[in-house]
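Here is the structure we will look at, set down as structure tokens.
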Amino acid sequence: MINSRINPGWFLLVPALVLLTGVLYVPLFASFWRSISTPSWTFDHYLNLLTDGVTLKVLARTAISASVVTVVAFALGYPYAYLMTRVGPVARGVLLTIVLIPFWTSALARNFGWLVLIYRGGPVQQLFASLGLGDFPLYGTATGVTLAMSQVMLPFMVMPLFSALGGIDRHLLLAAQGLGSHPFKAFCKIYWPLSRPGAVAGMILVFTLSLGFYVTPALLGSPQQSMVAQLLAQRTTELLDFAGAGALGTSVLVITLLLVVWANRLGGSAVNIAGAR
Amino acid sequence: MTISISGDVSSRSIATKRRLGRDTDAVPAWLWGIGVFVALYLVLPTLFVIPMSFSEAMNFVFPPRGFTWRLYENFFTMPLWVGSLLNSFVVAAISTGLATLVGTAAAIGLSQLHGHAASFIRTILMIPIVTPAIVIATSVYIAFLQWRLVGSLTGYVLAHAAIATPFVIVAVTSALGTFDRGLLRAASSLGASPFRSFVTVTMPLISRGVQTGAILAFVTSFDEVVIAVFIRSPSFQTLPVQMYNSVTVEIDPTVAASSSLIVITVSCIFLAVTIFGLKKKGI
Amino acid sequence: MSMRGSTGLIANLAEGVRRGTQIRLENVTKDYGLAKPAVDRVSLTIEAGEFMTLLGPSGSGKTTTLNLIAGFQIPSEGSIFIDCNEVSMLPAHKRNLGMLFQNYALFPHMTVAGNIGYPLRERRMPKAEVARRVGEALELVQLLGRDDAYPAQLSGGQQQRVALARAIVFEPRALLLDEPLSALDRRLRADLQLEIRRIHREVGATFIFVTHDQEEAMSLSDRIALFHDGRIEQVGSPETLYARPETLFAARFLGESNVFPLGDDRVGSSLSWEGEHWATGAGAVSDRAMNSRATALIVRPEVTSVSHSRQEVPAGVNAVAGTVIDVEFMGSYRSLVLKLGRSGIDGRARIKASDHTFQPGDPVIAWWQPDSQRIVAV
């Protein structure tokens with residue numbers, strides 16, 4: 001192929017760039033612009049976020065929820081991913097399918113399943129009653145949302161973890177044991193450090209996704225115990241505070257992007273992992 | 001694995017003596033236990049929708065009372081549900097076509113470019129994947145209000161194509177990664193113009209990646225709920241929107257039938273593909 | 001491997017020779033904007049029907065030159081002529097040159113027959129004709145019956161033969177070979193070298209072969225163009241390059257040499273080196289050395305002998321004192337690793353395989369006939 005002046009590759013990028021810019025980036029930028037220029041040059045909308053007494057509380061609640069989700073997903077996902085690397089090809093296929101099906105199944109269907117579970121008078125409530133825990137409602141609470149999100153986010157933890165753990169040579173562990181290390185010690189000293197970058201990347205991915213998640217809080221939560229996503233929706237459609245919504249949205253976006261960049265730096269491309277589903 | 005114990009006796013060698021009787025590489029029982037527990041945790045909650053879909057009651061209380069196919073009937077006959085379902089298919093089909101075209105071209109273009117400008121563009125094209133859907137939904141909703149695209153097929157198609165394109169790019173880029181550029185030189189030396197080389201060599205070899213990208217795009221659009229909820233109108237909405245409304249706006253247990261259908265259909269397709277794949281490998 | 005039964009293909013290829021597929025490079029330069037150009041003012045004429053090898057270390061510009069001839073790159077300066085037509089700006093797919101690649105570059109999604117027929121289909125040949133020629137080509141490379149196989153099912157040697165068939169089936173004006181044997185193991189390499197050489201003899205088309213392996217170059221080529229740092233160091237037949245290298249680089253790249261750097265103490269009918277007086281042999285100064293300030297004297301190990309003392313050294317030879325470092329048994333001879341002279345030049349000499357009289361540490365005198373030495377430019 002002749003080296004022409006302009007690499008034809010550039011032309012192939014134009015349609016994608018036009019589509020994404022027109023449909024996504026222009027509106028996003030317009031939101032941002034609105035947040036700093038309504039009614040005129042101002043940072044008031046951002047300051048309001050800090051002072052209105054609601055936003056910070058909601059952010060804190062969301063952050064705590066996301067943290068819990070991350071911990072639970074990690075506690076369950078790491079052993080599961082590790083198991084996947086240890087078993088034979090058939091079992092691995094089964095375990096992989098079990099993880100992937102939720103990936104592909106509508107999030108709505110999965111959240112609806114949780115709704116059925118934790119609804120007033122539902123199985124979980126009945127279980128609590130029979131255990132003598134009394135009336136401990138989960139539906140409409142942040143706790144219920146967190147519980148459901150842990151399950152919804154679990155595949156997002158398992159996939160990058162499996163990818164990272166799969167790359168670790170098991171012979172290293174066997175070598176350590178052969179040199180006299182107790183299996184648990186070998187794990188702590190050799191396996192865990194090697195898996196750390198992938199594990200941390202997975203954790204940041206789940207945390208980031210949980211922060212901005214809308215479906216679960218919207219279906220299982222309530223306005224009294226809302227997450228950031230619900231707040232943003234309320235600002236836009238109920239309060240019609242487009243400038244304020246722009247400020248909140250931009251802030252969430254910036255936080256998310258910073259977290260993703262950090263995750264990238266720590267262990268592989270979180271973007272590719274998320275996109276590889 | 002044989003371990004030779006030489007010289008002094010220490011606590012370590014006692015530990016190794018104990019291990020001699022067992023295969024050091026077997027998967028421990030407790031790990032299997034966790035695995036099964038997690039597998040159940042992943043699958044069970046979703047399964048609750050299936051019995052719910054046969055409930056005669058007009059609420060979401062479990063265990064369901066009675067047994068009826070009425071909800072499934074609703075799903076396939078009520079205009080609100082059928083209409084949403086059809087809309088979902090149409091939107092998904094068109095946005096998949098658009099995203100696949102645009103995304104494949106972009107992936108091929110990116111593969112031929114190097115340097116900082118190219119990585120920068122690649123990052124820009126990947127941003128929708130990591131942007132929270134709610135942020136996109138609210139901004140796009142406001143913009144669509146101004147552009148009068150709310151509740152329109154065009155609006156839905158554009159929005160879904162835009163968020164699906166990065167997935168197509170990832171899938172095709174992955175296929176291109178294993179693609180040997182030398183083949184294009186060979187084709188050139190054999191007399192094929194750049195266009196012919198693309199058609200006869202590149203396209204066949206990346207077709208698997210393009211297919212994967214198209215499937216990803218379709219699923220992304222069909223399942224997409226957040227943006228869909230925001231840009232809906234009474235006259236145009238997709239299935240996820242209708243399902244969402246039947247939980248939050250007007251309680252409609254038909255959503256149980258809808259969820260069951262989706263779960264069962266996806267699972268069946270998945271299992272079929274997996275078993276087919278295993279059969280191909282001769283298992 | 002027989003060539004019978006392919007009269008059509010061979011006859012047409014040989015016709016190409018009669019028409020004269022000469023390839024000429026005139027001051028060709030390829031610059032990537034780095035400190036040195038990849039190809040620096042290279043001029044070369046490859047005669048019709050010749051087997052020319054572009055030889056050199058990695059990064060010497062030989063592959064870039066081949067790519068320029070093929071049309072995968074455009075020269076920054078200079079011109080390329082095929083049969084007296086300037087083709088520098090002609091796209092690769094219009095140059096009608098066959099090419100063999102190091103990694104075969106067979107299309108994995110096509111069968112053997114599909115691969116070989118590809119250039120014919122691109123030229124819109126009718127199906128029946130394509131099938132006939134593919135059959136001829138398969139016979140030529142002795143892979144009949146494997147036309148339904150996919151490249152992944154074939155061995156490395158078989159894949160390269162398919163690639164060869166594909167590269168000549170459309171009767172190209174010349175065949176370019178880019179280190180096609182580097183990926184093969186020794187035995188297979190030797191076998192395919194023979195096949196390539198035979199095909200060239202039978203068919204007679206112009207072959208341009210790129211390699212870094214000097215033995216391969218010497219055994220296959222009519223002429224060798226030696227590349228160094230983007231320039232052509234020397235062009236000539238293998239014999240010329242081996243027996244009469246112009247420069248130190250050439251002397252070192254082809255075969256082994258004992259190298260004695262000469263300062264300004266040379267010229268005239270005698271020269272001296274570290275006090276040793278040596279005679280200049282018959283016509284042993286390279287042309288380049290005549291015009292060069294820095295020169296060196298080289299002697300090949302196979303014509304270098306050793307003796308235990310000056311008394312045993314014959315008259316009329318050039319000699320130098322040294323020490324044995326190691327003795328290597330090579331089967332048909334022994335190779336002595338030496339340190340020569342006060343400055344401890346690394347050198348080698350050969351003795352009979354049955355000669356056990358030299359041990360590491362022995363002081364020796366290395367000597368050679370003045371006629372077998374050569375003075376080259378550095």
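Ligands are numbered from 1 in the order shown, residues from 1 within each chain, and chains are lettered A, B, ... in the order they appear in the structure tokens.
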Can I get the residues of chain C within 7 Å of chain A, each with the closest pair of atoms and their distance in Å to one decimal, using only C-alpha atoms, sorted chain first then ascending number, as a Markdown table?
```
| residue | atom | partner | partner_atom | distance |
| --- | --- | --- | --- | --- |
| C:Gly71 | CA | A:Ile2 | CA | 6.9 |
| C:Phe72 | CA | A:Met1 | CA | 4.9 |
| C:Gln73 | CA | A:Ile2 | CA | 5.6 |
| C:Ile74 | CA | A:Ile2 | CA | 6.6 |
| C:Pro91 | CA | A:Ile2 | CA | 6.0 |
| C:Ala92 | CA | A:Met1 | CA | 6.2 |
```
Since we have the selection now, will you write its residues out, keeping N, CA and C atoms, as a PDB file, in the first residue's frame?
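Saved file result_13.pdb follows:
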```pdb
ATOM      1  N   GLY C  71       6.733  -1.807  -4.070  1.00  0.00           N
ATOM      2  CA  GLY C  71       5.737  -0.757  -4.141  1.00  0.00           C
ATOM      3  C   GLY C  71       4.986  -0.532  -2.842  1.00  0.00           C
ATOM      4  N   PHE C  72       5.429  -1.156  -1.747  1.00  0.00           N
ATOM      5  CA  PHE C  72       4.772  -0.941  -0.468  1.00  0.00           C
ATOM      6  C   PHE C  72       5.195   0.385   0.146  1.00  0.00           C
ATOM      7  N   GLN C  73       6.278   0.955  -0.369  1.00  0.00           N
ATOM      8  CA  GLN C  73       6.711   2.259   0.086  1.00  0.00           C
ATOM      9  C   GLN C  73       7.108   3.080  -1.138  1.00  0.00           C
ATOM     10  N   ILE C  74       7.065   4.410  -0.970  1.00  0.00           N
ATOM     11  CA  ILE C  74       7.490   5.294  -2.059  1.00  0.00           C
ATOM     12  C   ILE C  74       8.857   5.862  -1.702  1.00  0.00           C
ATOM     13  N   PRO C  91       1.216   2.051  -7.781  1.00  0.00           N
ATOM     14  CA  PRO C  91       0.819   1.307  -6.581  1.00  0.00           C
ATOM     15  C   PRO C  91       1.244  -0.152  -6.679  1.00  0.00           C
ATOM     16  N   ALA C  92       1.429  -0.754  -5.506  1.00  0.00           N
ATOM     17  CA  ALA C  92       1.943  -2.122  -5.458  1.00  0.00           C
ATOM     18  C   ALA C  92       1.092  -3.101  -6.248  1.00  0.00           C
TER      19      ALA C  92
END
```
Residue contacts of region 240-246 of chain B (9 Å, only C-alpha atoms) excluding same-chain residues fewer than 3 positions away, as a PDB file with C-alpha atoms, in the first residue's frame:
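Once everything was written out, this is result_22.pdb:
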```
ATOM      1  CA  SER A 106     -32.255  -7.220  31.277  1.00  0.00           C
ATOM      2  CA  LEU A 108     -34.951  -4.588  34.871  1.00  0.00           C
ATOM      3  CA  ALA A 109     -35.852  -8.259  35.045  1.00  0.00           C
ATOM      4  CA  VAL A 215     -32.344   1.349  37.836  1.00  0.00           C
ATOM      5  CA  LEU A 219     -37.193   0.535  41.427  1.00  0.00           C
TER       6      LEU A 219
ATOM      7  CA  LEU B  80     -49.341  -0.852  25.408  1.00  0.00           C
ATOM      8  CA  TRP B  81     -47.227  -3.969  25.838  1.00  0.00           C
ATOM      9  CA  SER B  84     -43.581  -1.342  23.332  1.00  0.00           C
ATOM     10  CA  LEU B  85     -42.214  -4.721  22.382  1.00  0.00           C
ATOM     11  CA  SER B  88     -38.000  -2.153  21.110  1.00  0.00           C
ATOM     12  CA  PHE B 222     -33.097  -3.745  23.621  1.00  0.00           C
ATOM     13  CA  ASP B 223     -32.329  -3.741  27.344  1.00  0.00           C
ATOM     14  CA  GLU B 224     -31.572  -0.058  27.675  1.00  0.00           C
ATOM     15  CA  VAL B 225     -33.866   1.476  30.262  1.00  0.00           C
ATOM     16  CA  VAL B 226     -32.457   4.696  31.718  1.00  0.00           C
ATOM     17  CA  ALA B 228     -35.335   5.186  27.251  1.00  0.00           C
ATOM     18  CA  VAL B 229     -37.335   6.264  30.302  1.00  0.00           C
ATOM     19  CA  PHE B 230     -36.255   9.859  29.869  1.00  0.00           C
ATOM     20  CA  ARG B 232     -40.155   8.489  26.088  1.00  0.00           C
ATOM     21  CA  GLN B 237     -41.742   4.034  24.274  1.00  0.00           C
ATOM     22  CA  VAL B 249     -46.271   4.432  38.000  1.00  0.00           C
ATOM     23  CA  GLU B 250     -49.156   2.017  37.677  1.00  0.00           C
ATOM     24  CA  ILE B 251     -48.801  -1.372  39.243  1.00  0.00           C
ATOM     25  CA  ASP B 252     -49.197  -3.888  36.437  1.00  0.00           C
ATOM     26  CA  PRO B 253     -48.187  -7.448  37.199  1.00  0.00           C
ATOM     27  CA  THR B 254     -47.769  -8.126  33.473  1.00  0.00           C
ATOM     28  CA  VAL B 255     -44.194  -7.025  34.089  1.00  0.00           C
ATOM     29  CA  ALA B 256     -43.668 -10.390  35.715  1.00  0.00           C
ATOM     30  CA  SER B 258     -42.360  -9.813  30.556  1.00  0.00           C
ATOM     31  CA  SER B 259     -39.411 -10.415  32.862  1.00  0.00           C
TER      32      SER B 259
END
```
Where does chain A meet chain B within 7 Å, residue by residue, with the nearest atom pair and distance in Å to one decimal for each, counting only C-alpha atoms, listed by chain and rising number, as a tab-separated table?
```
residue	atom	partner	partner_atom	distance
A:Met1	CA	B:Arg185	CA	6.9
A:Gly9	CA	B:Gly109	CA	4.0
A:Trp10	CA	B:Gly109	CA	6.1
A:Leu12	CA	B:Gly109	CA	5.0
A:Leu13	CA	B:Ala106	CA	4.5
A:Pro15	CA	B:Val102	CA	5.8
A:Ala16	CA	B:Val102	CA	5.2
A:Leu19	CA	B:Ala162	CA	6.1
A:Leu20	CA	B:Ala162	CA	5.3
A:Val23	CA	B:Ala159	CA	6.3
A:Leu24	CA	B:Val140	CA	6.7
A:Pro27	CA	B:Ser139	CA	5.3
A:Leu28	CA	B:Ser139	CA	5.5
A:Ser31	CA	B:Ser139	CA	5.9
A:Leu76	CA	B:Val38	CA	6.5
A:Pro79	CA	B:Leu31	CA	6.9
A:Tyr80	CA	B:Gly35	CA	5.1
A:Leu83	CA	B:Leu31	CA	6.6
A:Arg86	CA	B:Val27	CA	6.7
A:Ile98	CA	B:Ala39	CA	6.5
A:Ile101	CA	B:Ser267	CA	6.3
A:Thr105	CA	B:Val263	CA	5.9
A:Ser106	CA	B:Asp223	CA	5.3
A:Ala109	CA	B:Ser259	CA	4.7
A:Arg110	CA	B:Thr46	CA	5.1
A:Gly113	CA	B:Thr46	CA	4.6
A:Trp114	CA	B:Pro45	CA	5.9
A:Val116	CA	B:Phe60	CA	6.0
A:Tyr119	CA	B:Val61	CA	6.9
A:Gly121	CA	B:Val61	CA	6.4
A:Gly122	CA	B:Phe62	CA	5.1
A:Pro123	CA	B:Phe62	CA	6.4
A:Gln151	CA	B:Leu42	CA	6.2
A:Gly180	CA	B:Arg12	CA	6.3
A:Gly212	CA	B:Pro132	CA	5.2
A:Phe213	CA	B:Pro132	CA	6.9
A:Tyr214	CA	B:Ile134	CA	6.3
A:Val215	CA	B:Val226	CA	7.0
A:Leu219	CA	B:Thr248	CA	6.7
A:Ala229	CA	B:Ile134	CA	6.1
A:Ala233	CA	B:Thr138	CA	6.9
A:Thr236	CA	B:Thr138	CA	6.5
A:Gly249	CA	B:Val135	CA	5.3
A:Leu253	CA	B:Thr131	CA	6.5
A:Val271	CA	B:Val130	CA	6.8
A:Asn272	CA	B:Val170	CA	7.0
A:Gly275	CA	B:Phe167	CA	5.6
```
*asked:* What are the residues of chain B lining chain C at 7 Å or less? Count only C-alpha atoms, and put the answer as a list in words.
replied: Gly182, Leu183, Ala186, Ser188, Ser189, Leu190, Gly191, Ala192, Ser193 and Leu205 of chain B
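Atom to atom, CA of Val130 (chain C) and CA of Arg146 (chain C) stand 16.3 Å apart.
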Neighbour list for region 58-63 of chain A as a PDB file with N, CA and C atoms, in the first residue's frame, cut-off 9 Å, only C-alpha atoms, skip fewer than 6 positions in-chain:
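Once written, result02.pdb looks like this:
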```
ATOM      1  N   ALA A 142     -32.356   2.265  51.603  1.00  0.00           N
ATOM      2  CA  ALA A 142     -31.020   2.191  51.009  1.00  0.00           C
ATOM      3  C   ALA A 142     -30.417   0.811  51.225  1.00  0.00           C
ATOM      4  N   PHE A 207     -17.363   0.067  42.037  1.00  0.00           N
ATOM      5  CA  PHE A 207     -17.679   1.266  42.814  1.00  0.00           C
ATOM      6  C   PHE A 207     -18.203   2.363  41.904  1.00  0.00           C
ATOM      7  N   SER A 210     -21.635   1.598  40.601  1.00  0.00           N
ATOM      8  CA  SER A 210     -22.649   1.693  41.651  1.00  0.00           C
ATOM      9  C   SER A 210     -22.999   3.142  41.964  1.00  0.00           C
ATOM     10  N   LEU A 211     -22.002   4.016  41.878  1.00  0.00           N
ATOM     11  CA  LEU A 211     -22.253   5.419  42.189  1.00  0.00           C
ATOM     12  C   LEU A 211     -23.359   5.987  41.311  1.00  0.00           C
ATOM     13  N   GLY A 212     -23.266   5.706  40.024  1.00  0.00           N
ATOM     14  CA  GLY A 212     -24.179   6.346  39.096  1.00  0.00           C
ATOM     15  C   GLY A 212     -25.384   5.503  38.734  1.00  0.00           C
ATOM     16  N   GLN A 225     -34.959   8.043  50.775  1.00  0.00           N
ATOM     17  CA  GLN A 225     -33.607   7.508  50.910  1.00  0.00           C
ATOM     18  C   GLN A 225     -33.000   7.360  49.539  1.00  0.00           C
ATOM     19  N   SER A 226     -32.881   8.480  48.840  1.00  0.00           N
ATOM     20  CA  SER A 226     -32.483   8.375  47.441  1.00  0.00           C
ATOM     21  C   SER A 226     -30.970   8.405  47.262  1.00  0.00           C
ATOM     22  N   MET A 227     -30.557   7.889  46.110  1.00  0.00           N
ATOM     23  CA  MET A 227     -29.155   7.931  45.707  1.00  0.00           C
ATOM     24  C   MET A 227     -28.962   9.083  44.719  1.00  0.00           C
ATOM     25  N   VAL A 228     -27.721   9.309  44.364  1.00  0.00           N
ATOM     26  CA  VAL A 228     -27.395  10.432  43.486  1.00  0.00           C
ATOM     27  C   VAL A 228     -28.186  10.389  42.202  1.00  0.00           C
ATOM     28  N   ALA A 229     -28.316   9.166  41.616  1.00  0.00           N
ATOM     29  CA  ALA A 229     -29.000   9.059  40.338  1.00  0.00           C
ATOM     30  C   ALA A 229     -30.444   9.549  40.450  1.00  0.00           C
ATOM     31  N   LEU A 231     -31.587  11.660  42.595  1.00  0.00           N
ATOM     32  CA  LEU A 231     -31.543  13.104  42.798  1.00  0.00           C
ATOM     33  C   LEU A 231     -31.439  13.830  41.468  1.00  0.00           C
TER      34      LEU A 231
END
```
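CA of Glu276 (chain C) lies 10.9 Å from CA of Arg342 (chain C).
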*Any idea what's packed within 9 Å of Gln234 (chain A), counting only C-alpha atoms, ignoring anything in its chain fewer than 5 positions away? Could you give it as JSON, numbers by chain?*
{"A": [223, 229, 239, 240, 241, 245]}
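Taking CA of Pro314 (chain C) as the reference point, CA of Val337 (chain C) is found at 21.5 Å.
Here the question is which of C:Pro245, C:Pro126, C:Gly275, C:Gly255 gets nearest to Glu215 (chain C) using only C-alpha atoms, and that residue is C:Gly255.
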As a short mmCIF file (atom, residue, chain, number, x, y, z; two decimals) with N, CA and C atoms, in the first residue's frame, please: the residues near Gly198 (chain A) (cut-off 12 Å, only C-alpha atoms, same-chain neighbours under 6 positions excluded).
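New file part_21.cif:
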```cif
data_model
loop_
_atom_site.label_atom_id
_atom_site.label_comp_id
_atom_site.auth_asym_id
_atom_site.auth_seq_id
_atom_site.Cartn_x
_atom_site.Cartn_y
_atom_site.Cartn_z
N PHE A 74 -16.71 -8.04 46.04
CA PHE A 74 -15.35 -8.55 46.06
C PHE A 74 -15.25 -9.83 46.90
N TYR A 78 -14.20 -12.74 44.31
CA TYR A 78 -12.83 -13.23 44.26
C TYR A 78 -12.76 -14.74 44.37
N ALA A 81 -14.17 -16.28 41.14
CA ALA A 81 -13.25 -16.16 40.01
C ALA A 81 -12.07 -17.10 40.17
N MET A 157 -17.70 -7.68 38.71
CA MET A 157 -16.50 -7.93 39.51
C MET A 157 -15.84 -9.22 39.05
N VAL A 158 -16.67 -10.21 38.76
CA VAL A 158 -16.11 -11.51 38.43
C VAL A 158 -15.36 -11.49 37.11
N MET A 159 -15.92 -10.80 36.11
CA MET A 159 -15.32 -10.85 34.78
C MET A 159 -13.88 -10.33 34.75
N PRO A 160 -13.63 -9.09 35.21
CA PRO A 160 -12.23 -8.63 35.20
C PRO A 160 -11.34 -9.44 36.12
N LEU A 161 -11.91 -9.90 37.25
CA LEU A 161 -11.11 -10.71 38.16
C LEU A 161 -10.70 -12.02 37.49
N PHE A 162 -11.64 -12.67 36.85
CA PHE A 162 -11.32 -13.93 36.19
C PHE A 162 -10.25 -13.71 35.14
N SER A 163 -10.38 -12.60 34.42
CA SER A 163 -9.39 -12.28 33.41
C SER A 163 -8.02 -12.10 34.04
N ALA A 164 -7.97 -11.37 35.16
CA ALA A 164 -6.68 -11.12 35.80
C ALA A 164 -6.13 -12.39 36.45
N LEU A 165 -6.97 -13.12 37.16
CA LEU A 165 -6.49 -14.31 37.86
C LEU A 165 -6.05 -15.38 36.87
N GLY A 166 -6.74 -15.43 35.75
CA GLY A 166 -6.39 -16.43 34.75
C GLY A 166 -4.99 -16.26 34.23
N GLY A 167 -4.47 -15.05 34.35
CA GLY A 167 -3.14 -14.80 33.83
C GLY A 167 -2.04 -15.16 34.79
N ILE A 168 -2.40 -15.55 36.01
CA ILE A 168 -1.37 -15.89 36.98
C ILE A 168 -1.00 -17.36 36.84
N TYR A 191 0.25 -15.18 45.41
CA TYR A 191 -0.92 -15.07 44.54
C TYR A 191 -1.60 -13.70 44.69
N TRP A 192 -1.87 -13.32 45.93
CA TRP A 192 -2.60 -12.08 46.17
C TRP A 192 -1.89 -10.86 45.57
N ILE A 204 -12.70 -0.83 41.67
CA ILE A 204 -12.98 0.55 41.26
C ILE A 204 -14.09 0.57 40.22
N LEU A 205 -14.08 -0.41 39.33
CA LEU A 205 -15.12 -0.47 38.30
C LEU A 205 -16.48 -0.60 38.96
N ALA A 263 -8.36 3.75 37.92
CA ALA A 263 -8.46 2.29 37.75
C ALA A 263 -7.58 1.83 36.59
N ASN A 264 -7.59 2.59 35.51
CA ASN A 264 -6.75 2.27 34.36
C ASN A 264 -5.30 2.19 34.75
N ARG A 265 -4.89 3.18 35.51
CA ARG A 265 -3.51 3.24 35.90
C ARG A 265 -3.12 2.05 36.76
N LEU A 266 -4.05 1.58 37.55
CA LEU A 266 -3.71 0.50 38.49
C LEU A 266 -3.66 -0.87 37.86
N GLY A 267 -4.57 -1.12 36.93
CA GLY A 267 -4.52 -2.49 36.45
C GLY A 267 -5.24 -2.71 35.16
N GLY A 268 -4.62 -2.44 34.03
CA GLY A 268 -5.26 -2.75 32.77
C GLY A 268 -6.38 -1.78 32.46
N SER A 269 -7.03 -2.02 31.35
CA SER A 269 -8.02 -1.06 30.91
C SER A 269 -9.40 -1.45 31.43
N ALA A 270 -9.86 -0.70 32.42
CA ALA A 270 -11.20 -1.00 32.96
C ALA A 270 -12.24 -0.80 31.87
N ILE A 273 -12.50 -3.87 29.86
CA ILE A 273 -13.14 -4.94 30.62
C ILE A 273 -14.64 -4.73 30.63
#
```
*Which of region 175-305 of chain C counts as helix (DSSP H, G or I) under DSSP, as a PyMOL selection string please?*
chain C and resi 186-203+214-220+238-243+248-253+287-290+301-303
Go ahead and dump the residues you just picked, C-alpha atoms, as a PDB file, in the first residue's frame.
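part-v6.pdb written:
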```pdb
ATOM      1  CA  ARG C 186      17.809 -26.000   9.516  1.00  0.00           C
ATOM      2  CA  ARG C 187      16.939 -29.159   7.626  1.00  0.00           C
ATOM      3  CA  LEU C 188      13.824 -27.728   6.039  1.00  0.00           C
ATOM      4  CA  ARG C 189      15.737 -24.598   5.185  1.00  0.00           C
ATOM      5  CA  ALA C 190      18.377 -26.524   3.298  1.00  0.00           C
ATOM      6  CA  ASP C 191      15.706 -28.487   1.407  1.00  0.00           C
ATOM      7  CA  LEU C 192      13.817 -25.397   0.357  1.00  0.00           C
ATOM      8  CA  GLN C 193      16.998 -23.617  -0.632  1.00  0.00           C
ATOM      9  CA  LEU C 194      17.581 -26.379  -3.127  1.00  0.00           C
ATOM     10  CA  GLU C 195      14.023 -26.126  -4.396  1.00  0.00           C
ATOM     11  CA  ILE C 196      14.232 -22.374  -4.860  1.00  0.00           C
ATOM     12  CA  ARG C 197      17.496 -22.705  -6.688  1.00  0.00           C
ATOM     13  CA  ARG C 198      16.095 -25.386  -8.948  1.00  0.00           C
ATOM     14  CA  ILE C 199      12.971 -23.397  -9.712  1.00  0.00           C
ATOM     15  CA  HIS C 200      15.098 -20.444 -10.617  1.00  0.00           C
ATOM     16  CA  ARG C 201      17.264 -22.508 -12.920  1.00  0.00           C
ATOM     17  CA  GLU C 202      14.267 -24.089 -14.615  1.00  0.00           C
ATOM     18  CA  VAL C 203      12.157 -20.991 -14.899  1.00  0.00           C
ATOM     19  CA  GLN C 214      25.661 -15.137   4.301  1.00  0.00           C
ATOM     20  CA  GLU C 215      25.915 -18.844   3.669  1.00  0.00           C
ATOM     21  CA  GLU C 216      22.434 -18.847   2.170  1.00  0.00           C
ATOM     22  CA  ALA C 217      23.332 -15.856   0.016  1.00  0.00           C
ATOM     23  CA  MET C 218      26.525 -17.415  -1.267  1.00  0.00           C
ATOM     24  CA  SER C 219      24.957 -20.742  -2.165  1.00  0.00           C
ATOM     25  CA  LEU C 220      21.894 -19.357  -3.955  1.00  0.00           C
ATOM     26  CA  PRO C 238      29.687 -14.635  -4.249  1.00  0.00           C
ATOM     27  CA  GLU C 239      33.212 -15.547  -5.237  1.00  0.00           C
ATOM     28  CA  THR C 240      34.192 -11.949  -5.786  1.00  0.00           C
ATOM     29  CA  LEU C 241      32.785 -10.834  -2.485  1.00  0.00           C
ATOM     30  CA  TYR C 242      34.461 -13.634  -0.624  1.00  0.00           C
ATOM     31  CA  ALA C 243      37.883 -13.548  -2.253  1.00  0.00           C
ATOM     32  CA  LEU C 248      36.417  -4.600   6.419  1.00  0.00           C
ATOM     33  CA  PHE C 249      32.681  -4.905   6.841  1.00  0.00           C
ATOM     34  CA  ALA C 250      32.455  -7.064   3.731  1.00  0.00           C
ATOM     35  CA  ALA C 251      35.383  -9.181   4.830  1.00  0.00           C
ATOM     36  CA  ARG C 252      33.791  -9.773   8.228  1.00  0.00           C
ATOM     37  CA  PHE C 253      30.251 -10.345   6.998  1.00  0.00           C
ATOM     38  CA  ASP C 287      40.238  -0.279  -4.766  1.00  0.00           C
ATOM     39  CA  ARG C 288      38.438   1.312  -1.874  1.00  0.00           C
ATOM     40  CA  ALA C 289      41.514   0.860   0.281  1.00  0.00           C
ATOM     41  CA  MET C 290      43.550   2.835  -2.218  1.00  0.00           C
ATOM     42  CA  PRO C 301      41.595 -18.476   8.981  1.00  0.00           C
ATOM     43  CA  GLU C 302      41.486 -21.298   6.477  1.00  0.00           C
ATOM     44  CA  VAL C 303      44.723 -20.058   4.912  1.00  0.00           C
TER      45      VAL C 303
END
```
_Among region 163-291 of chain C, which residues does DSSP mark as strand (DSSP E) when it is run on the backbone? Keep the chain and numbering as in the structure and answer as a PyMOL selection string._
chain C and resi 174-178+206-211+223-228+231-236+258-262+270-273+276-279
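With only C-alpha atoms as the atoms that count, the minimum distance from Val210 (chain B) to the choices B:Ala175, B:Leu71, B:Ala117, B:Leu239 is reached by B:Ala175.
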